[in-house]
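Peer 1: Coordinates in work.txt, compact mmCIF, C-alpha atoms, are listed below.
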```txt
# COMPACT_ATOMS: atom_id res chain seq x y z
CA MET A 1 21.03 11.86 24.04
CA THR A 2 19.14 8.65 23.22
CA LYS A 3 16.17 9.70 25.34
CA TYR A 4 15.85 13.02 23.50
CA ALA A 5 16.31 11.45 20.06
CA ARG A 6 13.63 8.88 20.89
CA PHE A 7 11.24 11.60 22.07
CA VAL A 8 11.74 13.82 18.99
CA SER A 9 11.58 10.80 16.69
CA LEU A 10 8.32 9.57 18.20
CA VAL A 11 6.64 12.97 18.37
CA CYS A 12 7.64 14.10 14.86
CA ALA A 13 7.03 10.71 13.22
CA GLY A 14 3.65 10.53 14.96
CA LEU A 15 2.68 14.05 13.91
CA PHE A 16 3.82 13.35 10.35
CA ALA A 17 1.92 10.05 10.17
CA GLY A 18 -1.21 11.69 11.56
CA PHE A 19 -0.88 14.57 9.13
CA LEU A 20 -0.56 12.19 6.17
CA THR A 21 -3.53 10.15 7.37
CA SER A 22 -5.65 13.31 7.62
CA VAL A 23 -4.68 14.40 4.13
CA LEU A 24 -5.48 10.90 2.82
CA VAL A 25 -8.97 11.08 4.34
CA LEU A 26 -9.49 14.54 2.84
CA GLU A 27 -8.25 13.43 -0.58
CA LEU A 28 -10.42 10.31 -0.64
CA SER A 29 -13.48 12.30 0.42
CA GLN A 30 -13.01 14.50 -2.67
CA ARG A 31 -13.26 11.64 -5.15
CA GLY A 32 -16.98 12.18 -5.64
CA PHE A 33 -16.59 15.83 -6.57
CA ASP A 34 -15.89 17.44 -9.92
CA SER A 35 -12.65 18.95 -11.21
CA THR A 36 -13.45 22.46 -9.98
CA VAL A 37 -13.93 21.39 -6.37
CA TYR A 38 -10.92 19.08 -6.45
CA THR A 39 -8.66 21.79 -7.87
CA GLN A 40 -9.87 24.41 -5.40
CA VAL A 41 -9.22 22.12 -2.43
CA ARG A 42 -5.80 21.08 -3.79
CA LEU A 43 -4.79 24.72 -4.17
CA VAL A 44 -5.79 25.35 -0.56
CA GLU A 45 -3.85 22.25 0.55
CA LEU A 46 -0.77 23.35 -1.37
CA ASP A 47 -0.80 26.77 0.28
CA SER A 48 0.80 25.59 3.55
CA LEU A 49 0.56 21.83 4.02
CA ASP A 50 3.95 21.23 2.38
CA LYS A 51 5.49 23.37 5.12
CA LEU A 52 3.89 21.19 7.78
CA ALA A 53 5.20 18.06 6.05
CA VAL A 54 8.74 19.44 6.02
CA ALA A 55 8.47 20.63 9.63
CA THR A 56 7.56 17.13 10.81
CA LEU A 57 9.29 14.73 8.38
CA LEU A 58 12.79 16.24 8.45
CA PRO A 59 13.09 16.27 12.27
CA ALA A 60 11.65 12.73 12.34
CA LEU A 61 14.28 11.57 9.84
CA ILE A 62 17.16 13.26 11.66
CA ALA A 63 16.08 12.13 15.12
CA THR A 64 15.47 8.57 13.92
CA ALA A 65 18.91 8.48 12.28
CA VAL A 66 20.47 9.66 15.54
CA LEU A 67 18.42 7.09 17.42
CA ALA A 68 19.52 4.32 15.05
CA TYR A 69 23.14 5.27 15.72
CA GLN A 70 22.58 5.49 19.48
CA THR A 71 20.82 2.13 19.67
CA HIS A 72 23.16 0.16 17.41
CA ARG A 73 24.21 -2.05 20.32
CA THR A 74 20.76 -2.63 21.80
CA ASN A 75 17.94 -5.05 21.19
CA THR A 76 15.89 -2.28 19.51
CA ARG A 77 18.43 -1.52 16.78
CA TRP A 78 16.61 -3.37 13.97
CA LEU A 79 13.28 -1.81 14.81
CA THR A 80 14.86 1.64 14.75
CA VAL A 81 16.67 0.91 11.47
CA ALA A 82 13.40 -0.37 9.97
CA ALA A 83 11.63 2.85 11.00
CA LEU A 84 14.44 4.90 9.50
CA ALA A 85 14.26 2.92 6.24
CA LEU A 86 10.51 3.51 6.06
CA LEU A 87 10.94 7.25 6.63
CA VAL A 88 13.67 7.41 3.97
CA PHE A 89 11.31 5.58 1.60
CA VAL A 90 8.57 8.14 2.36
CA PHE A 91 11.01 10.98 1.71
CA GLY A 92 12.13 9.45 -1.60
CA LEU A 93 8.59 8.76 -2.80
CA THR A 94 7.62 12.29 -1.88
CA LEU A 95 10.52 13.73 -3.90
CA ILE A 96 9.97 11.49 -6.91
CA VAL A 97 6.16 11.49 -7.22
CA ASN A 98 4.25 13.84 -4.94
CA LEU A 99 6.33 17.03 -5.05
CA PRO A 100 6.53 17.20 -8.87
CA ILE A 101 2.74 16.77 -9.05
CA ASN A 102 2.30 19.42 -6.33
CA SER A 103 4.47 21.78 -8.33
CA ASP A 104 2.39 21.24 -11.48
CA GLN A 105 -0.90 21.62 -9.61
CA LEU A 106 0.13 25.00 -8.24
CA HIS A 107 -0.42 26.35 -11.76
CA TRP A 108 -3.83 24.78 -12.30
CA ASN A 109 -6.83 27.01 -12.79
CA ALA A 110 -9.80 25.87 -10.70
CA GLN A 111 -12.23 26.96 -13.43
CA SER A 112 -10.45 24.99 -16.17
CA PRO A 113 -8.22 22.18 -14.81
CA PRO A 114 -6.27 20.10 -17.33
CA SER A 115 -8.14 17.37 -19.18
CA ASP A 116 -6.08 14.63 -17.50
CA TRP A 117 -6.78 15.91 -13.97
CA THR A 118 -8.22 12.56 -12.83
CA ASP A 119 -5.08 10.69 -13.93
CA VAL A 120 -2.88 13.18 -12.09
CA ARG A 121 -5.12 13.01 -9.02
CA ASP A 122 -5.03 9.21 -9.03
CA ARG A 123 -1.22 9.09 -9.35
CA TRP A 124 -0.82 11.53 -6.48
CA GLN A 125 -3.35 9.74 -4.27
CA ILE A 126 -1.84 6.29 -4.86
CA ALA A 127 1.65 7.55 -4.01
CA HIS A 128 0.22 9.38 -1.02
CA ALA A 129 -1.59 6.26 0.22
CA VAL A 130 1.65 4.26 -0.04
CA ARG A 131 3.67 6.85 1.83
CA THR A 132 0.92 7.17 4.46
CA VAL A 133 1.05 3.43 5.16
CA ALA A 134 4.87 3.57 5.33
CA ALA A 135 4.81 6.57 7.71
CA ASP A 136 2.19 4.91 9.92
CA LEU A 137 4.31 1.74 10.04
CA ALA A 138 7.42 3.77 10.88
CA PHE A 139 5.61 5.40 13.78
CA ALA A 140 4.25 2.05 14.99
CA VAL A 141 7.72 0.49 14.88
CA LEU A 142 9.22 3.45 16.75
CA ALA A 143 6.48 3.17 19.38
CA LEU A 144 7.13 -0.55 19.74
CA ALA A 145 10.87 0.04 20.10
CA ALA A 146 10.21 2.71 22.74
CA ALA A 147 7.95 0.36 24.70
CA LEU A 148 10.46 -2.50 24.77
CA PRO A 149 12.92 -2.74 27.63
CA ARG A 150 16.31 -1.88 26.20
CA THR A 151 19.20 -4.20 26.76
CA ARG A 152 22.70 -3.78 25.52
CA ARG A 153 24.01 -6.33 23.11
CA SER A 154 27.16 -7.96 24.38
CA THR A 155 30.15 -7.87 22.10
CA SER A 156 31.94 -11.03 21.15
CA LEU A 157 34.96 -9.95 23.22
CA ASN A 158 32.85 -9.53 26.33
CA THR A 159 31.19 -12.89 25.72
CA SER A 160 34.59 -14.57 25.31
CA ALA A 161 35.93 -12.92 28.45
CA ARG A 162 32.90 -14.12 30.42
CA ARG A 163 33.36 -17.66 29.15
CA ASP A 164 37.02 -17.59 30.12
CA ARG A 165 36.14 -16.38 33.63
CA LEU A 166 33.53 -19.11 34.01
CA ARG A 167 36.04 -21.78 32.96
CA ALA A 168 38.67 -20.56 35.42
```
Have the structure of the file written as structure tokens, please.
Peer 2:
Amino acid sequence: MTKYARFVSLVCAGLFAGFLTSVLVLELSQRGFDSTVYTQVRLVELDSLDKLAVATLLPALIATAVLAYQTHRTNTRWLTVAALALLVFVFGLTLIVNLPINSDQLHWNAQSPPSDWTDVRDRWQIAHAVRTVAADLAFAVLALAAALPRTRRSTSLNTSARRDRLRA
């Protein structure tokens, strides 16, 4: 079970991090354009990219949670828990900042965006940059944990029993 959870966690977290990085590059490349171009591109993004985010983030979260449970007695437990915490942070930031802005932008008219469109764009892009960094770190930590040789942590009872046997 651990092997499968690690695989799904790595693949989905990697796909999600790559997806967010691509969107960040696209968003930053739009900064030199006017409101009409920005709004048109955002409306195209909002057509299906949210579905891709859900299809990669949710399996990454679930698989990483399973992996954290499965590795709780190994040397990689803290790396896995750190990756899970980062993914939970990304999920929370997405729910609190990005999705409400996405929902509002769905109703924008490309020919006459709201007067505060640059403020909204900047808020979304800052939150997106933060969650992109967090997702990239989560993937990097998961990759590091996967590359490390896994050893089981000994419990205090096993350690005590070994000491007793050595003394005898």
Peer 1: I want to know what sits within 8 Å of Ile62 (chain A), based on all atoms listed in the file, with residues of the same chain fewer than 4 positions away left out; could you give that as a PyMOL selection string?
Peer 2: chain A and resi 9+58+66
Peer 1: For Thr94 (chain A), which residue out of A:Leu148, A:Val81, A:Ala68, A:Val130 is the nearest one, using all atoms listed in the file?
Peer 2: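 The closest residue to Thr94 (chain A) is A:Val130.
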Peer 1: Measuring between only C-alpha atoms, which one of A:Gly32, A:Trp124, A:Ala110, A:Ala146 shows the shortest distance to Ala83 (chain A)?
Peer 2: A:Ala146
Peer 1: Any idea what the distance is between CA of Lys3 (chain A) and CA of Ala63 (chain A)?
Peer 2: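 Going from CA of Lys3 (chain A) over to CA of Ala63 (chain A), I get 10.5 Å.
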Peer 1: Would you pick out the contacts of Leu67 (chain A) at 8 Å or less, using only C-alpha atoms, so that residues sharing its chain but fewer than 3 positions from it are not included, and give the list as a ChimeraX atom specification?
Peer 2: /A:2,5-6,9,63-64,70-71,80
Peer 1: Would you kindly return, as a ChimeraX atom specification, each protein, DNA or RNA residue with an atom no farther than 10 Å from any atom of Val141 (chain A), considering only C-alpha atoms and excluding same-chain residues fewer than 2 positions away?
Peer 2: /A:10,76,78-84,86,135-139,143-147
Peer 1: Counting all atoms listed in the file, which residue out of A:Thr132, A:Thr74, A:Ser35, A:Thr151 sits closest to Asn109 (chain A)?
Peer 2: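 Checking each candidate against Asn109 (chain A), we get A:Ser35 as the closest.
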Peer 1: For Leu106 (chain A), which of A:Ala65, A:Ala53, A:Ala60, A:Val41 is the closest residue, counting only C-alpha atoms?
Peer 2: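 The answer is A:Val41, which sits nearest to Leu106 (chain A).
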Peer 1: Looking at only C-alpha atoms, which of A:Gln105, A:Glu45, A:Thr56, A:Ala13 is the one that sits closest to Glu27 (chain A)?
Peer 2: A:Glu45
Peer 1: Distance CA of Ala129 (chain A)-CA of Thr36 (chain A), one decimal place?
Peer 2: 22.5 Å
Peer 1: Output region 123-148 of chain A with N, CA, C and O atoms present, as a CSV table (one decimal), in the frame of the given file.
Peer 2:
```csv
chain,number,residue,atom,x,y,z
A,123,ARG,N,-2.7,9.3,-9.6
A,123,ARG,CA,-1.2,9.1,-9.4
A,123,ARG,C,-0.8,9.7,-8.0
A,123,ARG,O,-0.1,9.0,-7.2
A,124,TRP,N,-1.2,10.9,-7.7
A,124,TRP,CA,-0.8,11.5,-6.5
A,124,TRP,C,-1.4,10.8,-5.3
A,124,TRP,O,-0.7,10.5,-4.3
A,125,GLN,N,-2.7,10.4,-5.4
A,125,GLN,CA,-3.4,9.7,-4.3
A,125,GLN,C,-2.8,8.3,-4.0
A,125,GLN,O,-2.7,7.9,-2.9
A,126,ILE,N,-2.4,7.6,-5.1
A,126,ILE,CA,-1.8,6.3,-4.9
A,126,ILE,C,-0.5,6.4,-4.2
A,126,ILE,O,-0.2,5.7,-3.2
A,127,ALA,N,0.3,7.3,-4.7
A,127,ALA,CA,1.6,7.6,-4.0
A,127,ALA,C,1.5,8.0,-2.6
A,127,ALA,O,2.2,7.6,-1.7
A,128,HIS,N,0.5,8.9,-2.4
A,128,HIS,CA,0.2,9.4,-1.0
A,128,HIS,C,-0.3,8.3,-0.1
A,128,HIS,O,0.2,8.2,1.1
A,129,ALA,N,-1.1,7.4,-0.6
A,129,ALA,CA,-1.6,6.3,0.2
A,129,ALA,C,-0.4,5.3,0.6
A,129,ALA,O,-0.3,4.9,1.8
A,130,VAL,N,0.5,5.1,-0.3
A,130,VAL,CA,1.6,4.3,0.0
A,130,VAL,C,2.5,4.9,1.0
A,130,VAL,O,3.0,4.3,2.0
A,131,ARG,N,2.8,6.2,0.9
A,131,ARG,CA,3.7,6.8,1.8
A,131,ARG,C,3.0,7.0,3.2
A,131,ARG,O,3.6,7.0,4.2
A,132,THR,N,1.7,7.1,3.2
A,132,THR,CA,0.9,7.2,4.5
A,132,THR,C,1.1,5.9,5.2
A,132,THR,O,1.3,5.8,6.4
A,133,VAL,N,0.9,4.7,4.5
A,133,VAL,CA,1.0,3.4,5.2
A,133,VAL,C,2.5,3.3,5.7
A,133,VAL,O,2.7,2.8,6.8
A,134,ALA,N,3.5,3.7,4.9
A,134,ALA,CA,4.9,3.6,5.3
A,134,ALA,C,5.1,4.5,6.5
A,134,ALA,O,5.8,4.0,7.5
A,135,ALA,N,4.6,5.7,6.6
A,135,ALA,CA,4.8,6.6,7.7
A,135,ALA,C,4.1,6.0,9.0
A,135,ALA,O,4.7,6.1,10.1
A,136,ASP,N,2.9,5.5,8.8
A,136,ASP,CA,2.2,4.9,9.9
A,136,ASP,C,2.9,3.7,10.5
A,136,ASP,O,3.1,3.5,11.7
A,137,LEU,N,3.5,2.9,9.6
A,137,LEU,CA,4.3,1.7,10.0
A,137,LEU,C,5.6,2.2,10.8
A,137,LEU,O,6.0,1.6,11.8
A,138,ALA,N,6.2,3.2,10.2
A,138,ALA,CA,7.4,3.8,10.9
A,138,ALA,C,7.1,4.2,12.3
A,138,ALA,O,7.8,3.9,13.2
A,139,PHE,N,6.0,5.0,12.5
A,139,PHE,CA,5.6,5.4,13.8
A,139,PHE,C,5.3,4.2,14.7
A,139,PHE,O,5.7,4.2,15.9
A,140,ALA,N,4.6,3.2,14.2
A,140,ALA,CA,4.2,2.0,15.0
A,140,ALA,C,5.5,1.3,15.4
A,140,ALA,O,5.6,0.9,16.6
A,141,VAL,N,6.5,1.2,14.5
A,141,VAL,CA,7.7,0.5,14.9
A,141,VAL,C,8.5,1.3,15.9
A,141,VAL,O,9.1,0.7,16.8
A,142,LEU,N,8.5,2.6,15.8
A,142,LEU,CA,9.2,3.4,16.8
A,142,LEU,C,8.5,3.3,18.1
A,142,LEU,O,9.2,3.3,19.1
A,143,ALA,N,7.2,3.3,18.1
A,143,ALA,CA,6.5,3.2,19.4
A,143,ALA,C,6.8,1.8,20.0
A,143,ALA,O,6.9,1.7,21.2
A,144,LEU,N,6.8,0.8,19.2
A,144,LEU,CA,7.1,-0.6,19.7
A,144,LEU,C,8.5,-0.6,20.3
A,144,LEU,O,8.8,-1.1,21.4
A,145,ALA,N,9.5,0.0,19.6
A,145,ALA,CA,10.9,0.0,20.1
A,145,ALA,C,11.0,0.8,21.4
A,145,ALA,O,11.7,0.5,22.3
A,146,ALA,N,10.2,1.9,21.5
A,146,ALA,CA,10.2,2.7,22.7
A,146,ALA,C,9.6,2.0,23.9
A,146,ALA,O,10.0,2.1,25.1
A,147,ALA,N,8.6,1.1,23.6
A,147,ALA,CA,8.0,0.4,24.7
A,147,ALA,C,8.8,-0.8,25.2
A,147,ALA,O,8.5,-1.3,26.3
A,148,LEU,N,9.7,-1.3,24.4
A,148,LEU,CA,10.5,-2.5,24.8
A,148,LEU,C,11.5,-2.1,25.8
A,148,LEU,O,12.1,-1.0,25.7
```
